>>> print(open('model-v5.pdb').read())   # PDB, C-alpha atoms
ATOM      1  CA  MET A  31      66.577 -13.386 -35.170  1.00  0.00           C
ATOM      2  CA  SER A  32      65.269 -15.412 -38.064  1.00  0.00           C
ATOM      3  CA  LEU A  33      61.561 -15.732 -38.683  1.00  0.00           C
ATOM      4  CA  ILE A  34      60.636 -19.376 -39.318  1.00  0.00           C
ATOM      5  CA  THR A  35      57.434 -21.184 -40.287  1.00  0.00           C
ATOM      6  CA  ILE A  36      56.814 -24.832 -39.442  1.00  0.00           C
ATOM      7  CA  SER A  37      53.887 -26.775 -40.856  1.00  0.00           C
ATOM      8  CA  ALA A  38      52.730 -30.302 -40.132  1.00  0.00           C
ATOM      9  CA  LEU A  39      49.932 -32.762 -40.688  1.00  0.00           C
ATOM     10  CA  VAL A  40      49.078 -34.534 -37.434  1.00  0.00           C
ATOM     11  CA  ASN A  41      47.314 -37.914 -37.380  1.00  0.00           C
ATOM     12  CA  ALA A  42      44.484 -38.531 -34.892  1.00  0.00           C
ATOM     13  CA  ASP A  43      46.895 -40.459 -32.616  1.00  0.00           C
ATOM     14  CA  GLY A  44      49.255 -37.447 -32.391  1.00  0.00           C
ATOM     15  CA  SER A  45      51.915 -38.825 -34.746  1.00  0.00           C
ATOM     16  CA  PHE A  46      53.047 -36.847 -37.787  1.00  0.00           C
ATOM     17  CA  ALA A  47      51.881 -37.973 -41.234  1.00  0.00           C
ATOM     18  CA  PHE A  48      55.313 -36.813 -42.489  1.00  0.00           C
ATOM     19  CA  PRO A  49      58.191 -34.901 -40.846  1.00  0.00           C
ATOM     20  CA  PRO A  50      57.223 -31.287 -40.039  1.00  0.00           C
ATOM     21  CA  PHE A  51      58.206 -28.964 -42.894  1.00  0.00           C
ATOM     22  CA  GLY A  52      60.481 -26.031 -42.007  1.00  0.00           C
ATOM     23  CA  LEU A  53      61.679 -27.412 -38.655  1.00  0.00           C
ATOM     24  CA  PRO A  54      65.308 -26.337 -38.099  1.00  0.00           C
ATOM     25  CA  SER A  55      67.824 -29.162 -37.733  1.00  0.00           C
ATOM     26  CA  LYS A  56      68.442 -30.472 -34.218  1.00  0.00           C
ATOM     27  CA  ARG A  57      65.096 -29.047 -33.042  1.00  0.00           C
ATOM     28  CA  ASN A  58      62.059 -31.027 -31.945  1.00  0.00           C
ATOM     29  CA  ILE A  59      58.334 -30.638 -32.059  1.00  0.00           C
ATOM     30  CA  SER A  60      55.941 -33.243 -30.662  1.00  0.00           C
ATOM     31  CA  VAL A  61      52.193 -33.721 -30.331  1.00  0.00           C
ATOM     32  CA  HIS A  62      50.487 -35.741 -27.598  1.00  0.00           C
ATOM     33  CA  GLN A  63      46.877 -36.563 -26.827  1.00  0.00           C
ATOM     34  CA  VAL A  64      45.816 -35.219 -23.408  1.00  0.00           C
ATOM     35  CA  ALA A  65      44.224 -38.379 -22.005  1.00  0.00           C
ATOM     36  CA  SER A  66      41.848 -36.609 -19.622  1.00  0.00           C
ATOM     37  CA  VAL A  67      40.038 -34.565 -22.319  1.00  0.00           C
ATOM     38  CA  GLN A  68      38.645 -36.087 -25.534  1.00  0.00           C
ATOM     39  CA  GLY A  69      40.061 -34.280 -28.595  1.00  0.00           C
ATOM     40  CA  LEU A  70      42.671 -32.199 -26.692  1.00  0.00           C
ATOM     41  CA  TYR A  71      46.248 -32.261 -27.975  1.00  0.00           C
ATOM     42  CA  GLN A  72      49.393 -30.693 -26.519  1.00  0.00           C
ATOM     43  CA  ILE A  73      51.972 -29.460 -29.026  1.00  0.00           C
ATOM     44  CA  ILE A  74      55.459 -29.073 -27.534  1.00  0.00           C
ATOM     45  CA  TYR A  75      58.083 -26.934 -29.294  1.00  0.00           C
ATOM     46  CA  ASP A  76      60.252 -25.854 -26.331  1.00  0.00           C
ATOM     47  CA  THR A  77      63.564 -25.730 -28.269  1.00  0.00           C
ATOM     48  CA  VAL A  78      62.267 -23.893 -31.334  1.00  0.00           C
ATOM     49  CA  PHE A  79      61.031 -20.332 -30.673  1.00  0.00           C
ATOM     50  CA  GLU A  80      62.508 -17.264 -28.953  1.00  0.00           C
ATOM     51  CA  SER A  81      59.049 -15.978 -27.982  1.00  0.00           C
ATOM     52  CA  THR A  82      55.418 -17.036 -28.341  1.00  0.00           C
ATOM     53  CA  PRO A  83      54.773 -18.003 -31.980  1.00  0.00           C
ATOM     54  CA  VAL A  84      51.631 -17.548 -34.048  1.00  0.00           C
ATOM     55  CA  LEU A  85      49.688 -20.814 -34.427  1.00  0.00           C
ATOM     56  CA  THR A  86      46.903 -21.889 -36.734  1.00  0.00           C
ATOM     57  CA  ALA A  87      45.162 -25.267 -36.530  1.00  0.00           C
ATOM     58  CA  THR A  88      42.563 -26.778 -38.839  1.00  0.00           C
ATOM     59  CA  PRO A  89      40.842 -30.181 -39.003  1.00  0.00           C
ATOM     60  CA  ALA A  90      42.202 -32.317 -41.853  1.00  0.00           C
ATOM     61  CA  TRP A  91      39.679 -34.577 -43.542  1.00  0.00           C
ATOM     62  CA  LEU A  92      42.181 -36.645 -45.561  1.00  0.00           C
ATOM     63  CA  GLY A  93      39.465 -37.976 -47.845  1.00  0.00           C
ATOM     64  CA  GLU A  94      37.549 -39.656 -45.010  1.00  0.00           C
ATOM     65  CA  PHE A  95      34.247 -37.862 -45.540  1.00  0.00           C
ATOM     66  CA  GLY A  96      33.628 -38.496 -49.240  1.00  0.00           C
ATOM     67  CA  PRO A  97      33.220 -36.018 -52.082  1.00  0.00           C
ATOM     68  CA  SER A  98      31.098 -33.545 -50.083  1.00  0.00           C
ATOM     69  CA  GLY A  99      33.887 -33.004 -47.523  1.00  0.00           C
ATOM     70  CA  GLY A 100      33.588 -32.436 -43.806  1.00  0.00           C
ATOM     71  CA  SER A 101      31.146 -30.262 -41.938  1.00  0.00           C
ATOM     72  CA  THR A 102      31.958 -26.568 -41.693  1.00  0.00           C
ATOM     73  CA  LEU A 103      30.761 -26.759 -38.077  1.00  0.00           C
ATOM     74  CA  ASP A 104      33.687 -29.027 -37.123  1.00  0.00           C
ATOM     75  CA  GLY A 105      36.684 -27.147 -35.854  1.00  0.00           C
ATOM     76  CA  ALA A 106      39.929 -26.702 -34.003  1.00  0.00           C
ATOM     77  CA  ILE A 107      40.280 -24.351 -31.035  1.00  0.00           C
ATOM     78  CA  ILE A 108      43.586 -23.097 -29.642  1.00  0.00           C
ATOM     79  CA  ASN A 109      43.243 -23.201 -25.851  1.00  0.00           C
ATOM     80  CA  ASP A 110      46.781 -22.313 -24.715  1.00  0.00           C
ATOM     81  CA  LEU A 111      49.615 -20.650 -26.599  1.00  0.00           C
ATOM     82  CA  THR A 112      52.992 -20.071 -24.947  1.00  0.00           C
ATOM     83  CA  LYS A 113      56.664 -19.825 -25.898  1.00  0.00           C
ATOM     84  CA  THR A 114      57.132 -23.575 -25.335  1.00  0.00           C
ATOM     85  CA  PHE A 115      53.800 -25.323 -25.962  1.00  0.00           C
ATOM     86  CA  ALA A 116      50.207 -24.999 -27.134  1.00  0.00           C
ATOM     87  CA  THR A 117      47.015 -26.966 -26.614  1.00  0.00           C
ATOM     88  CA  VAL A 118      44.491 -27.468 -29.392  1.00  0.00           C
ATOM     89  CA  LYS A 119      41.074 -29.100 -29.130  1.00  0.00           C
ATOM     90  CA  LEU A 120      39.414 -30.760 -32.117  1.00  0.00           C
ATOM     91  CA  GLY A 121      35.697 -31.399 -32.236  1.00  0.00           C
ATOM     92  CA  ASP A 122      32.630 -32.275 -34.225  1.00  0.00           C
ATOM     93  CA  GLY A 123      29.752 -30.060 -35.338  1.00  0.00           C
ATOM     94  CA  GLY A 124      27.978 -30.614 -32.017  1.00  0.00           C
ATOM     95  CA  GLY A 125      30.857 -29.249 -29.973  1.00  0.00           C
ATOM     96  CA  ASN A 126      32.029 -32.668 -28.784  1.00  0.00           C
ATOM     97  CA  GLY A 127      35.771 -33.272 -28.566  1.00  0.00           C
ATOM     98  CA  GLN A 128      37.105 -35.915 -30.954  1.00  0.00           C
ATOM     99  CA  TRP A 129      40.473 -37.408 -31.813  1.00  0.00           C
ATOM    100  CA  ARG A 130      40.972 -36.513 -35.457  1.00  0.00           C
ATOM    101  CA  PRO A 131      43.697 -35.474 -37.911  1.00  0.00           C
ATOM    102  CA  PHE A 132      44.601 -31.797 -38.155  1.00  0.00           C
ATOM    103  CA  THR A 133      47.121 -29.393 -39.624  1.00  0.00           C
ATOM    104  CA  ILE A 134      49.253 -26.895 -37.739  1.00  0.00           C
ATOM    105  CA  VAL A 135      51.284 -23.913 -38.884  1.00  0.00           C
ATOM    106  CA  LEU A 136      53.607 -22.177 -36.415  1.00  0.00           C
ATOM    107  CA  THR A 137      55.443 -18.936 -37.238  1.00  0.00           C
ATOM    108  CA  GLY A 138      57.840 -17.114 -34.946  1.00  0.00           C
ATOM    109  CA  HIS A 139      61.394 -16.046 -34.248  1.00  0.00           C
ATOM    110  CA  GLU A 140      63.820 -18.949 -34.072  1.00  0.00           C
ATOM    111  CA  LEU A 141      65.502 -19.593 -30.734  1.00  0.00           C
ATOM    112  CA  LEU A 142      69.187 -19.119 -31.454  1.00  0.00           C
ATOM    113  CA  ARG A 143      71.568 -21.116 -29.334  1.00  0.00           C
ATOM    114  CA  LYS A 144      74.455 -19.233 -27.811  1.00  0.00           C
ATOM    115  CA  THR A 145      77.840 -20.334 -29.087  1.00  0.00           C
ATOM    116  CA  PRO A 146      80.718 -20.827 -26.605  1.00  0.00           C
ATOM    117  CA  GLN A 147      82.082 -17.436 -27.731  1.00  0.00           C
ATOM    118  CA  HIS A 148      78.803 -15.720 -26.804  1.00  0.00           C
ATOM    119  CA  LEU A 149      78.707 -17.489 -23.439  1.00  0.00           C
ATOM    120  CA  GLU A 150      82.184 -16.164 -22.580  1.00  0.00           C
ATOM    121  CA  GLU A 151      81.159 -12.625 -23.538  1.00  0.00           C
ATOM    122  CA  ALA A 152      78.133 -12.856 -21.253  1.00  0.00           C
ATOM    123  CA  HIS A 153      80.345 -13.615 -18.247  1.00  0.00           C
ATOM    124  CA  GLU A 154      82.865 -10.808 -18.837  1.00  0.00           C
TER     125      GLU A 154
END
>>> encode(input="model-v5.pdb", output="structure tokens")
Amino acid sequence: MSLITISALVNADGSFAFPPFGLPSKRNISVHQVASVQGLYQIIYDTVFESTPVLTATPAWLGEFGPSGGSTLDGAIINDLTKTFATVKLGDGGGNGQWRPFTIVLTGHELLRKTPQHLEEAHE
């Protein structure tokens, strides 16, 4: 198994600011706003990892808050972390959920697809 690291900058609407770095070819990762909870995002990576990866998430200010930067009270919380998806909630210094840009870094063992040869061996 190969250990891989994928990093991405996610816009407030859940789109990527640029293609995720380190994502193996023919694999997908997507981010969606969870409509029922302000600031909650679901990150889906169901074709990427063999087991539950490590995830870090951080608010990304992207120059929006001037030279003093953002508040250190603002944050990102990982609510769920599984082999196929994670949920992350972003919020302000008062604990209120907000749609805002953030970064993610995922590290784990790459899900290797079985070749036809391996599939035949499994049935013997």
>>> closest_residue(input="model-v5.pdb", among="A:Val84, A:Ala116, A:Val135, A:Ala90", to="Leu70 in chain A", atoms="only C-alpha atoms")
A:Ala116
>>> residues_near_point(input="model-v5.pdb", point="(55.3, -28.2, -27.8)", cutoff="6 Å", atoms="only C-alpha atoms", output="number ranges by chain")
A: 59-60, 73-76, 114-115
>>> atom_distance(input="model-v5.pdb", atom1="CA of Ser45 in chain A", atom2="CA of Pro89 in chain A")
14.7 Å
>>> closest_residue(input="model-v5.pdb", among="A:Gly124, A:Pro54, A:Pro49, A:Gly44", to="Ser101 in chain A", atoms="all atoms listed in the file")
A:Gly124
>>> atom_distance(input="model-v5.pdb", atom1="CA of Gln63 in chain A", atom2="CA of Pro83 in chain A")
20.8 Å
>>> atom_distance(input="model-v5.pdb", atom1="CA of Leu85 in chain A", atom2="CA of Phe132 in chain A")
12.7 Å
>>> resolve_selection(input="model-v5.pdb", expression="the PyMOL selection byres ((chain A and resi 122) around 10)", output="PyMOL selection string")
chain A and resi 69+89+100-106+120-121+123-130
>>> resolve_selection(input="model-v5.pdb", expression="the PyMOL selection byres ((chain A and resi 140) around 6)", output="PyMOL selection string")
chain A and resi 32+78-80+139+141-142
>>> write_last_selection(input="model-v5.pdb", atoms="C-alpha atoms", output="PDB file, in the frame of the given file")
ATOM      1  CA  SER A  32      65.269 -15.412 -38.064  1.00  0.00           C
ATOM      2  CA  VAL A  78      62.267 -23.893 -31.334  1.00  0.00           C
ATOM      3  CA  PHE A  79      61.031 -20.332 -30.673  1.00  0.00           C
ATOM      4  CA  GLU A  80      62.508 -17.264 -28.953  1.00  0.00           C
ATOM      5  CA  HIS A 139      61.394 -16.046 -34.248  1.00  0.00           C
ATOM      6  CA  LEU A 141      65.502 -19.593 -30.734  1.00  0.00           C
ATOM      7  CA  LEU A 142      69.187 -19.119 -31.454  1.00  0.00           C
TER       8      LEU A 142
END
>>> closest_residue(input="model-v5.pdb", among="A:Lys119, A:Ala87, A:Ser81, A:Lys144", to="Val64 in chain A", atoms="all atoms listed in the file")
A:Lys119
>>> closest_residue(input="model-v5.pdb", among="A:Ser37, A:Gln72, A:Thr82, A:Asn58", to="Ile108 in chain A", atoms="only C-alpha atoms")
A:Gln72
>>> residues_around(input="model-v5.pdb", residues="Ala47 in chain A", least_positions_apart="5", cutoff="12 Å", atoms="all atoms listed in the file", output="PDB file with C-alpha atoms, in the frame of the given file")
ATOM      1  CA  SER A  37      53.887 -26.775 -40.856  1.00  0.00           C
ATOM      2  CA  ALA A  38      52.730 -30.302 -40.132  1.00  0.00           C
ATOM      3  CA  LEU A  39      49.932 -32.762 -40.688  1.00  0.00           C
ATOM      4  CA  VAL A  40      49.078 -34.534 -37.434  1.00  0.00           C
ATOM      5  CA  ASN A  41      47.314 -37.914 -37.380  1.00  0.00           C
ATOM      6  CA  ALA A  42      44.484 -38.531 -34.892  1.00  0.00           C
ATOM      7  CA  VAL A  61      52.193 -33.721 -30.331  1.00  0.00           C
ATOM      8  CA  ALA A  90      42.202 -32.317 -41.853  1.00  0.00           C
ATOM      9  CA  LEU A  92      42.181 -36.645 -45.561  1.00  0.00           C
ATOM     10  CA  PRO A 131      43.697 -35.474 -37.911  1.00  0.00           C
ATOM     11  CA  PHE A 132      44.601 -31.797 -38.155  1.00  0.00           C
ATOM     12  CA  THR A 133      47.121 -29.393 -39.624  1.00  0.00           C
ATOM     13  CA  ILE A 134      49.253 -26.895 -37.739  1.00  0.00           C
TER      14      ILE A 134
END
>>> residues_around(input="model-v5.pdb", residues="Leu53 in chain A", least_positions_apart="4", cutoff="8 Å", atoms="all atoms listed in the file", output="PDB file with C-alpha atoms, keeping the file's coordinate frame")
ATOM      1  CA  THR A  35      57.434 -21.184 -40.287  1.00  0.00           C
ATOM      2  CA  ILE A  36      56.814 -24.832 -39.442  1.00  0.00           C
ATOM      3  CA  ARG A  57      65.096 -29.047 -33.042  1.00  0.00           C
ATOM      4  CA  ASN A  58      62.059 -31.027 -31.945  1.00  0.00           C
TER       5      ASN A  58
END
>>> closest_residue(input="model-v5.pdb", among="A:Gly138, A:Thr88, A:Tyr71, A:Lys56", to="Asp110 in chain A", atoms="all atoms listed in the file")
A:Tyr71
>>> closest_residue(input="model-v5.pdb", among="A:Arg143, A:Asn109, A:Thr137, A:Phe51", to="Leu33 in chain A", atoms="all atoms listed in the file")
A:Thr137
>>> axis_aligned_box(input="model-v5.pdb", around="range 106-116 of chain A", padding_each_side="8 Å", output="AutoDock Vina command-line options")
--center_x 48.5 --center_y -23.3 --center_z -29.4 --size_x 33.2 --size_y 22.9 --size_z 25.3
>>> decode(input="model-v5.pdb", residues="range 40-84 of chain A", atoms="N, CA and C atoms", output="compact mmCIF listing (two decimals), in the first residue's frame")
# COMPACT_ATOMS: atom_id res chain seq x y z
N VAL A 40 -10.53 24.88 -0.46
CA VAL A 40 -11.95 24.80 -0.76
C VAL A 40 -12.57 26.19 -0.61
N ASN A 41 -13.29 26.63 -1.63
CA ASN A 41 -14.01 27.91 -1.57
C ASN A 41 -15.23 27.76 -0.68
N ALA A 42 -15.81 28.87 -0.24
CA ALA A 42 -16.97 28.84 0.65
C ALA A 42 -18.15 28.08 0.06
N ASP A 43 -18.28 28.05 -1.28
CA ASP A 43 -19.39 27.34 -1.92
C ASP A 43 -19.13 25.84 -2.08
N GLY A 44 -17.96 25.35 -1.64
CA GLY A 44 -17.63 23.94 -1.73
C GLY A 44 -16.84 23.56 -2.97
N SER A 45 -16.62 24.51 -3.88
CA SER A 45 -15.80 24.23 -5.06
C SER A 45 -14.32 24.33 -4.68
N PHE A 46 -13.47 23.75 -5.51
CA PHE A 46 -12.03 23.83 -5.26
C PHE A 46 -11.46 25.08 -5.92
N ALA A 47 -10.56 25.77 -5.22
CA ALA A 47 -9.89 26.94 -5.79
C ALA A 47 -8.95 26.52 -6.92
N PHE A 48 -8.43 25.30 -6.84
CA PHE A 48 -7.59 24.69 -7.87
C PHE A 48 -7.71 23.19 -7.67
N PRO A 49 -7.34 22.37 -8.67
CA PRO A 49 -7.48 20.92 -8.49
C PRO A 49 -6.70 20.44 -7.26
N PRO A 50 -7.26 19.50 -6.50
CA PRO A 50 -6.56 18.98 -5.31
C PRO A 50 -5.18 18.44 -5.68
N PHE A 51 -4.17 18.83 -4.91
CA PHE A 51 -2.80 18.39 -5.15
C PHE A 51 -2.60 17.00 -4.55
N GLY A 52 -1.98 16.10 -5.31
CA GLY A 52 -1.66 14.76 -4.81
C GLY A 52 -2.74 13.73 -5.05
N LEU A 53 -3.85 14.11 -5.66
CA LEU A 53 -4.95 13.17 -5.91
C LEU A 53 -4.54 12.22 -7.04
N PRO A 54 -4.55 10.90 -6.78
CA PRO A 54 -4.18 9.95 -7.84
C PRO A 54 -5.12 10.07 -9.04
N SER A 55 -4.59 9.76 -10.22
CA SER A 55 -5.41 9.85 -11.43
C SER A 55 -6.59 8.89 -11.35
N LYS A 56 -7.67 9.27 -11.97
CA LYS A 56 -8.91 8.50 -12.02
C LYS A 56 -9.55 8.32 -10.65
N ARG A 57 -9.23 9.20 -9.71
CA ARG A 57 -9.85 9.20 -8.39
C ARG A 57 -10.56 10.53 -8.20
N ASN A 58 -11.57 10.55 -7.36
CA ASN A 58 -12.35 11.77 -7.15
C ASN A 58 -12.41 12.14 -5.68
N ILE A 59 -12.49 13.42 -5.46
CA ILE A 59 -12.78 13.96 -4.14
C ILE A 59 -13.74 15.13 -4.38
N SER A 60 -14.75 15.25 -3.55
CA SER A 60 -15.72 16.34 -3.72
C SER A 60 -16.10 16.90 -2.36
N VAL A 61 -16.54 18.15 -2.38
CA VAL A 61 -16.96 18.84 -1.16
C VAL A 61 -18.33 19.45 -1.42
N HIS A 62 -19.25 19.26 -0.47
CA HIS A 62 -20.60 19.78 -0.61
C HIS A 62 -21.03 20.46 0.68
N GLN A 63 -21.76 21.55 0.55
CA GLN A 63 -22.36 22.18 1.72
C GLN A 63 -23.53 21.30 2.18
N VAL A 64 -23.65 21.07 3.48
CA VAL A 64 -24.80 20.36 4.05
C VAL A 64 -25.85 21.44 4.32
N ALA A 65 -26.89 21.46 3.51
CA ALA A 65 -27.86 22.56 3.52
C ALA A 65 -28.54 22.78 4.86
N SER A 66 -28.70 21.73 5.64
CA SER A 66 -29.46 21.84 6.89
C SER A 66 -28.66 22.45 8.05
N VAL A 67 -27.35 22.59 7.90
CA VAL A 67 -26.52 23.11 9.00
C VAL A 67 -25.54 24.15 8.45
N GLN A 68 -25.69 25.39 8.89
CA GLN A 68 -24.82 26.48 8.43
C GLN A 68 -23.35 26.17 8.74
N GLY A 69 -22.49 26.22 7.73
CA GLY A 69 -21.05 26.02 7.91
C GLY A 69 -20.59 24.57 7.86
N LEU A 70 -21.50 23.61 7.67
CA LEU A 70 -21.13 22.19 7.66
C LEU A 70 -20.91 21.72 6.22
N TYR A 71 -19.75 21.11 6.00
CA TYR A 71 -19.38 20.58 4.68
C TYR A 71 -19.17 19.08 4.78
N GLN A 72 -19.54 18.36 3.72
CA GLN A 72 -19.23 16.94 3.62
C GLN A 72 -18.16 16.78 2.54
N ILE A 73 -17.10 16.07 2.89
CA ILE A 73 -16.00 15.80 1.97
C ILE A 73 -16.07 14.32 1.62
N ILE A 74 -16.24 14.01 0.34
CA ILE A 74 -16.39 12.62 -0.10
C ILE A 74 -15.14 12.20 -0.86
N TYR A 75 -14.55 11.08 -0.43
CA TYR A 75 -13.33 10.55 -1.05
C TYR A 75 -13.43 9.03 -1.12
N ASP A 76 -14.60 8.50 -1.51
CA ASP A 76 -14.89 7.07 -1.40
C ASP A 76 -14.07 6.17 -2.32
N THR A 77 -13.35 6.69 -3.31
CA THR A 77 -12.54 5.85 -4.19
C THR A 77 -11.05 6.04 -3.95
N VAL A 78 -10.68 6.67 -2.84
CA VAL A 78 -9.29 7.09 -2.66
C VAL A 78 -8.51 6.28 -1.63
N PHE A 79 -9.10 6.01 -0.46
CA PHE A 79 -8.32 5.43 0.65
C PHE A 79 -8.74 4.01 1.00
N GLU A 80 -7.76 3.21 1.40
CA GLU A 80 -7.97 1.82 1.83
C GLU A 80 -8.63 1.77 3.20
N SER A 81 -8.29 2.71 4.06
CA SER A 81 -8.83 2.78 5.42
C SER A 81 -9.02 4.26 5.78
N THR A 82 -9.49 4.51 6.98
CA THR A 82 -9.75 5.89 7.40
C THR A 82 -8.47 6.72 7.35
N PRO A 83 -8.47 7.83 6.61
CA PRO A 83 -7.27 8.67 6.54
C PRO A 83 -7.19 9.62 7.73
N VAL A 84 -6.08 10.31 7.82
CA VAL A 84 -5.91 11.41 8.77
C VAL A 84 -6.35 12.67 8.02
